[in-house]
Amino acid sequence: MAFFKGSAYEFTPLFDRTETGAEIFRGLRARRIRHPDPVLEHTVALKERLDGVAHEYYSESRDWRWLVEANPDILFPEDLLWDTRPPDYDEDGDMTDPGTLDENGRERVGQVIIVPRRGEAN
């Protein structure tokens with residue numbers, strides 16, 4: 001398995017073979033997550049994208065992962081900019097809050113995300 005130089009997965013180790021030499025899983029171990037130092041707060045604006053925010057702060061759109069890793073409360077990168085809540089129901093099964101399913105996601109305009117100091121990869 002090969003990755004491009006500079007990829008976030010470039011130095012990610014493969015699964016080790018067992019003592020008998022058998023391959024237990026053909027793939028990569030989880031990559032190491034950086035813990036960047038938070039420096040700024042960014043307020044999400046209408047029609048923003050992660051690569052655009054990364055370009056604004058780092059002059060490199062591929063550094064959007066720094067933004068994701070500095071905001072560990074989100075599970076998926078797009079959740080930094082989009083609210084994808086499921087609907088809420090009361091005890092009778094009636095919808096109390098439609099969430100964002102009808103709108104196919106809603107931009108998190110006005111929400112604040114952390115912008116870390118950009119460090120070196122690895």
# chains A, B, ... in the order shown; residues from 1 in each chain; ligands from 1
$ select_by_dssp --residues "chain A" --states "alpha helix (DSSP H)" --output "list in words"
Leu50, Asp51, Gly52, Val53, Ala54, His55, Glu56, Tyr57, Tyr58, Trp64, Arg65, Trp66, Leu67, Val68 and Glu69 of chain A
$ write_last_selection --atoms "C-alpha atoms" --output "CSV table (one decimal), in the first residue's frame"
chain,number,residue,atom,x,y,z
A,50,LEU,CA,-13.4,23.5,4.9
A,51,ASP,CA,-10.8,23.9,2.2
A,52,GLY,CA,-11.6,27.6,1.8
A,53,VAL,CA,-11.3,28.2,5.6
A,54,ALA,CA,-8.0,26.3,5.6
A,55,HIS,CA,-6.8,28.4,2.7
A,56,GLU,CA,-7.8,31.6,4.5
A,57,TYR,CA,-5.7,30.8,7.6
A,58,TYR,CA,-2.9,28.6,6.3
A,64,TRP,CA,-8.3,21.4,6.4
A,65,ARG,CA,-7.5,18.4,8.6
A,66,TRP,CA,-5.9,20.8,11.2
A,67,LEU,CA,-9.3,22.4,11.6
A,68,VAL,CA,-11.0,19.0,12.1
A,69,GLU,CA,-8.5,17.8,14.6
$ closest_atom_pairs --of "region 17-38 of chain A" --to "region 103-118 of chain A" --cutoff "9 Å" --atoms "only C-alpha atoms" --output "tab-separated table"
residue	atom	partner	partner_atom	distance
A:Pro36	CA	A:Pro116	CA	5.7
A:Asp37	CA	A:Pro116	CA	5.3
A:Pro38	CA	A:Pro116	CA	4.0
$ select_by_dssp --residues "chain A" --states "strand (DSSP E or B)" --output "ChimeraX atom specification"
/A:14,17,23,28,38-43,82-83,88-89,95-97,106-107,112-116
$ residues_around --residues "Phe15 (chain A)" --least-positions-apart "4" --cutoff "7 Å" --atoms "only C-alpha atoms" --output "count of residues only"
5
$ atom_distance --atom1 "CA of Gly6 (chain A)" --atom2 "CA of His35 (chain A)"
18.0 Å
$ closest_residue --among "A:Thr20, A:Asp90, A:Leu80, A:Lys5" --to "Thr43 (chain A)" --atoms "only C-alpha atoms"
A:Leu80
